[in-house]
Amino acid sequence: MRTNLSRLLNILEKIERPLTIFGSFLLFIMMVHVVADVFSKYMFNQPITGTIEIVSNFYMVGIVFLPLAMVELQNGHVKVEVFTTAMPPRYVAAFDVFASLLTLVYVAILSWFLTMEAIKSTEIRETIQVGVDLLPMWQARWFAPAGTSVFLLVILFNLLRNIDKLRGGNGGDIGDKKEMIDEWTV
């Protein structure tokens, strides 16, 4: 199972990485946009029209949803282990399988509805009013389904790892990405 899970992990990382890079790019562009808006507001008494609308409807959607798979791959989501720390590893694995199943169902439903909304938005070529102009926003509606779809694949991958651990395996023994993050933050 180790080689299959390792191959699957490599594929997921290749899918997830461009989304994370694009989400990081959006964060940088948002920072430049907001700084330019503040500078323009205080230096020329003329803020950039539509900054709030663009930040909240475009940048923030991508920044939140696109890196979800990366965070899950690195085991970076909040996990409360108050009761499970004293349990045997097999019980912890059972709880992890249950949690993965619940998360899988929830994110699958969320991804489905987000995709339906993105399709509707694309069909009507959704726009928002910014000052006296209309700004197309339908493209940004695809950030959420793209991010949650890859997130769903990573949850499925983690479910397979947890099932392997529950069966007495080592979850593919592919290591924990969180260790790499801890090294970066030291």
# chains A, B, ... in the order shown; residues from 1 in each chain; ligands from 1
$ select_by_dssp --residues "chain A" --states "helix (DSSP H, G or I)" --output "PyMOL selection string"
chain A and resi 2-44+51-65+68-73+89-123+140-166+177-185
$ residues_around --residues "Phe83 of chain A" --least-positions-apart "6" --cutoff "12 Å" --atoms "only C-alpha atoms" --output "PyMOL selection string"
chain A and resi 91-92+95
$ write_last_selection --atoms "N, CA, C and O atoms" --output "CSV table (one decimal), in the first residue's frame"
chain,number,residue,atom,x,y,z
A,91,TYR,N,-7.6,3.0,18.3
A,91,TYR,CA,-8.8,3.8,18.6
A,91,TYR,C,-8.7,5.2,17.9
A,91,TYR,O,-9.7,5.7,17.4
A,92,VAL,N,-7.5,5.7,18.0
A,92,VAL,CA,-7.3,7.0,17.4
A,92,VAL,C,-7.5,6.9,15.9
A,92,VAL,O,-8.1,7.8,15.2
A,95,PHE,N,-11.2,6.9,15.1
A,95,PHE,CA,-11.7,8.3,15.2
A,95,PHE,C,-11.3,9.0,14.0
A,95,PHE,O,-12.1,9.8,13.4
$ residues_around --residues "Val55 of chain A" --least-positions-apart "4" --cutoff "10 Å" --atoms "only C-alpha atoms" --output "VMD selection string"
chain A and resid 26 to 27 29 to 31 33 to 34 50 to 51 59 to 61
$ write_last_selection --atoms "all heavy atoms" --output "tab-separated table (two decimals), in the first residue's frame"
chain	number	residue	atom	x	y	z
A	26	LEU	N	-2.44	35.74	-5.53
A	26	LEU	CA	-3.59	36.60	-5.23
A	26	LEU	C	-3.37	37.38	-3.93
A	26	LEU	O	-3.74	38.56	-3.83
A	26	LEU	CB	-4.87	35.78	-5.12
A	26	LEU	CG	-5.45	35.24	-6.43
A	26	LEU	CD1	-6.64	34.35	-6.15
A	26	LEU	CD2	-5.83	36.37	-7.37
A	27	LEU	N	-2.77	36.74	-2.95
A	27	LEU	CA	-2.48	37.41	-1.68
A	27	LEU	C	-1.52	38.58	-1.91
A	27	LEU	O	-1.72	39.68	-1.38
A	27	LEU	CB	-1.89	36.42	-0.68
A	27	LEU	CG	-1.55	36.97	0.70
A	27	LEU	CD1	-2.80	37.45	1.42
A	27	LEU	CD2	-0.85	35.89	1.52
A	29	ILE	N	-0.99	40.22	-4.78
A	29	ILE	CA	-1.68	41.25	-5.57
A	29	ILE	C	-2.65	42.03	-4.69
A	29	ILE	O	-2.77	43.26	-4.81
A	29	ILE	CB	-2.40	40.61	-6.78
A	29	ILE	CG1	-1.39	39.98	-7.73
A	29	ILE	CG2	-3.27	41.62	-7.51
A	29	ILE	CD1	-0.40	40.96	-8.33
A	30	MET	N	-3.35	41.33	-3.80
A	30	MET	CA	-4.26	42.02	-2.89
A	30	MET	C	-3.50	43.00	-2.00
A	30	MET	O	-3.95	44.13	-1.78
A	30	MET	CB	-5.03	41.01	-2.02
A	30	MET	CG	-6.02	41.67	-1.08
A	30	MET	SD	-6.91	40.53	-0.03
A	30	MET	CE	-5.64	40.11	1.15
A	31	MET	N	-2.35	42.57	-1.51
A	31	MET	CA	-1.55	43.45	-0.66
A	31	MET	C	-1.14	44.70	-1.43
A	31	MET	O	-1.28	45.83	-0.92
A	31	MET	CB	-0.30	42.70	-0.17
A	31	MET	CG	0.62	43.54	0.67
A	31	MET	SD	2.23	42.78	0.93
A	31	MET	CE	2.91	42.82	-0.71
A	33	HIS	N	-2.60	46.00	-4.05
A	33	HIS	CA	-3.82	46.76	-4.34
A	33	HIS	C	-4.26	47.58	-3.12
A	33	HIS	O	-4.56	48.77	-3.24
A	33	HIS	CB	-4.91	45.77	-4.76
A	33	HIS	CG	-6.15	46.42	-5.29
A	33	HIS	ND1	-7.03	45.76	-6.08
A	33	HIS	CD2	-6.69	47.66	-5.12
A	33	HIS	CE1	-8.03	46.56	-6.40
A	33	HIS	NE2	-7.86	47.71	-5.81
A	34	VAL	N	-4.29	46.96	-1.96
A	34	VAL	CA	-4.74	47.66	-0.74
A	34	VAL	C	-3.74	48.76	-0.36
A	34	VAL	O	-4.15	49.87	0.01
A	34	VAL	CB	-4.97	46.66	0.41
A	34	VAL	CG1	-5.19	47.39	1.73
A	34	VAL	CG2	-6.15	45.76	0.09
A	50	GLY	N	-13.59	50.66	-6.02
A	50	GLY	CA	-13.87	49.23	-6.07
A	50	GLY	C	-12.92	48.34	-5.30
A	50	GLY	O	-13.01	47.12	-5.39
A	51	THR	N	-12.02	48.93	-4.51
A	51	THR	CA	-11.06	48.10	-3.78
A	51	THR	C	-11.76	47.11	-2.87
A	51	THR	O	-11.44	45.91	-2.88
A	51	THR	CB	-10.08	48.97	-2.98
A	51	THR	OG1	-9.33	49.76	-3.89
A	51	THR	CG2	-9.14	48.13	-2.15
A	59	TYR	N	-10.20	38.48	-4.61
A	59	TYR	CA	-8.98	38.04	-3.95
A	59	TYR	C	-9.25	37.07	-2.80
A	59	TYR	O	-8.64	36.01	-2.71
A	59	TYR	CB	-8.18	39.23	-3.41
A	59	TYR	CG	-7.70	40.23	-4.42
A	59	TYR	CD1	-7.82	41.59	-4.17
A	59	TYR	CD2	-7.12	39.84	-5.62
A	59	TYR	CE1	-7.37	42.53	-5.08
A	59	TYR	CE2	-6.68	40.78	-6.53
A	59	TYR	CZ	-6.80	42.13	-6.26
A	59	TYR	OH	-6.36	43.04	-7.15
A	60	MET	N	-10.13	37.46	-1.90
A	60	MET	CA	-10.34	36.67	-0.68
A	60	MET	C	-10.88	35.27	-0.97
A	60	MET	O	-10.51	34.31	-0.28
A	60	MET	CB	-11.29	37.39	0.29
A	60	MET	CG	-10.67	38.63	0.91
A	60	MET	SD	-9.13	38.33	1.79
A	60	MET	CE	-9.72	37.49	3.22
A	61	VAL	N	-11.71	35.14	-1.99
A	61	VAL	CA	-12.24	33.82	-2.34
A	61	VAL	C	-11.10	32.89	-2.74
A	61	VAL	O	-11.01	31.75	-2.27
A	61	VAL	CB	-13.30	33.94	-3.47
A	61	VAL	CG1	-13.79	32.56	-3.88
A	61	VAL	CG2	-14.46	34.82	-3.03
$ residues_around --residues "Val105 of chain A" --least-positions-apart "5" --cutoff "10 Å" --atoms "only C-alpha atoms" --output "PDB file with N, CA and C atoms, in the first residue's frame"
ATOM      1  N   SER A 100     -12.675  11.619   8.981  1.00  0.00           N
ATOM      2  CA  SER A 100     -12.415  11.754   7.540  1.00  0.00           C
ATOM      3  C   SER A 100     -13.678  11.512   6.731  1.00  0.00           C
ATOM      4  N   LEU A 110     -20.477  20.532  -0.176  1.00  0.00           N
ATOM      5  CA  LEU A 110     -20.059  21.913  -0.365  1.00  0.00           C
ATOM      6  C   LEU A 110     -19.516  22.134  -1.775  1.00  0.00           C
ATOM      7  N   SER A 111     -18.663  21.237  -2.221  1.00  0.00           N
ATOM      8  CA  SER A 111     -18.073  21.354  -3.546  1.00  0.00           C
ATOM      9  C   SER A 111     -19.144  21.292  -4.633  1.00  0.00           C
ATOM     10  N   LEU A 152     -11.147  17.835  -1.552  1.00  0.00           N
ATOM     11  CA  LEU A 152     -11.894  16.586  -1.448  1.00  0.00           C
ATOM     12  C   LEU A 152     -11.005  15.381  -1.793  1.00  0.00           C
ATOM     13  N   ILE A 155      -8.721  14.767   1.138  1.00  0.00           N
ATOM     14  CA  ILE A 155      -9.459  14.133   2.245  1.00  0.00           C
ATOM     15  C   ILE A 155      -9.636  12.650   1.960  1.00  0.00           C
TER      16      ILE A 155
END
$ select_by_dssp --residues "segment 1-176 of chain A" --states "strand (DSSP E)" --output "list in words"
Thr127, Ile128, Gln129, Val130, Asp133, Leu134, Leu135 and Pro136 of chain A
$ closest_atom_pairs --of "segment 35-88 of chain A" --to "segment 131-151 of chain A" --cutoff "7 Å" --atoms "only C-alpha atoms" --output "Markdown table"
| residue | atom | partner | partner_atom | distance |
| --- | --- | --- | --- | --- |
| A:Thr49 | CA | A:Gly131 | CA | 6.5 |
| A:Gly50 | CA | A:Gly131 | CA | 6.7 |
| A:Phe58 | CA | A:Ala140 | CA | 5.4 |
| A:Val61 | CA | A:Phe143 | CA | 6.5 |
| A:Gly62 | CA | A:Phe143 | CA | 5.3 |
| A:Phe65 | CA | A:Gly147 | CA | 4.9 |
| A:Leu66 | CA | A:Gly147 | CA | 4.2 |
| A:Pro67 | CA | A:Gly147 | CA | 6.8 |
| A:Leu68 | CA | A:Phe151 | CA | 5.7 |
| A:Ala69 | CA | A:Phe151 | CA | 4.1 |
$ write_last_selection --atoms "N, CA and C atoms" --output "mmCIF file, in the first residue's frame"
data_model
loop_
_atom_site.group_PDB
_atom_site.id
_atom_site.type_symbol
_atom_site.label_atom_id
_atom_site.label_comp_id
_atom_site.auth_asym_id
_atom_site.auth_seq_id
_atom_site.Cartn_x
_atom_site.Cartn_y
_atom_site.Cartn_z
ATOM 1 N N THR A 49 -11.256 53.182 -6.776
ATOM 2 C CA THR A 49 -12.658 52.754 -6.810
ATOM 3 C C THR A 49 -12.744 51.232 -6.878
ATOM 4 N N GLY A 50 -13.585 50.662 -6.021
ATOM 5 C CA GLY A 50 -13.869 49.232 -6.067
ATOM 6 C C GLY A 50 -12.922 48.345 -5.297
ATOM 7 N N PHE A 58 -13.157 38.812 -5.040
ATOM 8 C CA PHE A 58 -12.215 38.171 -5.943
ATOM 9 C C PHE A 58 -11.018 37.604 -5.186
ATOM 10 N N VAL A 61 -11.710 35.144 -1.989
ATOM 11 C CA VAL A 61 -12.243 33.824 -2.342
ATOM 12 C C VAL A 61 -11.101 32.891 -2.743
ATOM 13 N N GLY A 62 -10.206 33.382 -3.591
ATOM 14 C CA GLY A 62 -9.068 32.566 -4.002
ATOM 15 C C GLY A 62 -8.095 32.287 -2.874
ATOM 16 N N PHE A 65 -9.934 29.551 -0.520
ATOM 17 C CA PHE A 65 -10.277 28.226 -1.022
ATOM 18 C C PHE A 65 -9.144 27.511 -1.762
ATOM 19 N N LEU A 66 -8.309 28.218 -2.491
ATOM 20 C CA LEU A 66 -7.295 27.542 -3.306
ATOM 21 C C LEU A 66 -6.255 26.768 -2.492
ATOM 22 N N PRO A 67 -5.787 27.260 -1.338
ATOM 23 C CA PRO A 67 -4.776 26.494 -0.585
ATOM 24 C C PRO A 67 -5.332 25.435 0.369
ATOM 25 N N LEU A 68 -6.640 25.175 0.367
ATOM 26 C CA LEU A 68 -7.196 24.196 1.312
ATOM 27 C C LEU A 68 -6.539 22.827 1.207
ATOM 28 N N ALA A 69 -6.282 22.371 -0.003
ATOM 29 C CA ALA A 69 -5.670 21.044 -0.188
ATOM 30 C C ALA A 69 -4.256 21.011 0.384
#
$ atom_distance --atom1 "atom CA of Arg167 of chain A" --atom2 "atom CA of Ala94 of chain A"
9.5 Å
$ atom_distance --atom1 "atom CA of Phe113 of chain A" --atom2 "atom CA of Arg17 of chain A"
24.0 Å
$ closest_atom_pairs --of "segment 11-125 of chain A" --to "segment 160-164 of chain A" --cutoff "8 Å" --atoms "only C-alpha atoms" --output "Markdown table"
| residue | atom | partner | partner_atom | distance |
| --- | --- | --- | --- | --- |
| A:Ala93 | CA | A:Asn162 | CA | 5.8 |
| A:Ala94 | CA | A:Asn162 | CA | 7.7 |
| A:Asp96 | CA | A:Asn162 | CA | 6.2 |
| A:Val97 | CA | A:Asn162 | CA | 5.5 |
$ write_last_selection --atoms "N, CA and C atoms" --output "CSV table (one decimal), in the first residue's frame"
chain,number,residue,atom,x,y,z
A,93,ALA,N,-7.0,5.8,15.3
A,93,ALA,CA,-7.2,5.6,13.8
A,93,ALA,C,-8.7,5.5,13.5
A,94,ALA,N,-9.5,4.8,14.4
A,94,ALA,CA,-10.9,4.7,14.2
A,94,ALA,C,-11.6,6.1,14.2
A,96,ASP,N,-10.1,8.9,13.5
A,96,ASP,CA,-9.6,9.6,12.3
A,96,ASP,C,-10.4,9.1,11.1
A,97,VAL,N,-10.7,7.8,11.0
A,97,VAL,CA,-11.5,7.3,9.8
A,97,VAL,C,-12.9,8.0,9.9
$ closest_residue --among "A:Glu53, A:Arg7, A:Phe157, A:Thr103" --to "His77 of chain A" --atoms "only C-alpha atoms"
A:Thr103
$ atom_distance --atom1 "atom CA of Lys165 of chain A" --atom2 "atom CA of Glu16 of chain A"
24.1 Å
